[in-house]
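A.B. asks: Got a structure here, written out as structure tokens. Questions coming.
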Amino acid sequence: MTAVADLDELAATLGALARRLGQSLPAAVPPPSPAWVLELGPRRLLPPGCGAIALSQQDVTVLHVLMAEPERIVSRQQIVQSLGEDFLSCDQRRLDTQISRLRRKAEQATGTTLPINTARNAGYRFYADAQVRP
């Protein structure tokens, strides 16, 4: 005799049993997402599944600082200093404008949102997989 089970019902039953026992079931591991690639030499950004975006030197510098350590908040001071500016005398709105231009450039060129979060009063964070190439 062959038993037939509905997989959704089986998953729900196992989930309920695990909750009762105070355990969690291993979550399905999502496939790795493709990385955003910053090419320093040709000064371009390669979003996953999209064409290259030409960048200015300032764009490259800002993205290089952010993409060197994805998921880490990079302070506004670190970004401004990487641009060769003095943090105390620099107009902070220039950095906000730079990030806004980068976001708009990526959106217009590819229809893709640039994965940069603003960490209020702290800096910015690149929150996707990233690679930096010479």
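Letters A, B, ... go to the chains of the structure tokens in the order shown; residues in each chain start at 1; ligands are counted from 1 in the same order.
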What lies within 8 Å of region 104-119 of chain A using only C-alpha atoms, ignoring chain neighbours under 6 positions off, as an NGL selection string?
C.D. replies: :A and (47 or 50-51 or 53 or 73 or 125-128)
A.B. asks: Please list as a list in words every residue within 9 Å of Ser56 (chain A), counting only C-alpha atoms and excluding residues in the same chain fewer than 3 positions away.
C.D. replies: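 Skipping anything fewer than 3 positions along the chain leaves Arg43, Arg44, Asp59, Val60 and Thr61 of chain A.
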A.B. asks: Per DSSP on the backbone, filter chain A down to the residues in strand (DSSP E) and report them as a ChimeraX atom specification.
C.D. replies: /A:36-39,44-46,53-54,74-75,116-119,123-126,130-133
A.B. asks: Can you tell me, as an MDAnalysis selection string, which residues in region 71-122 of chain A count as helix (DSSP H, G or I) by DSSP?
C.D. replies: chainID A and resid 76:82 92:110
A.B. asks: What's around region 92-95 of chain A at 9 Å? Count only C-alpha atoms, leave out sequence neighbours fewer than 5 positions away in its own chain, and write the answer as a PyMOL selection string.
C.D. replies: chain A and resi 76+79-80+87+100
A.B. asks: Which is closer to Gln98 (chain A) than all the others in A:Glu39, A:Gly49, A:Tyr124, A:Gln58, using only C-alpha atoms?
C.D. replies: A:Gln58
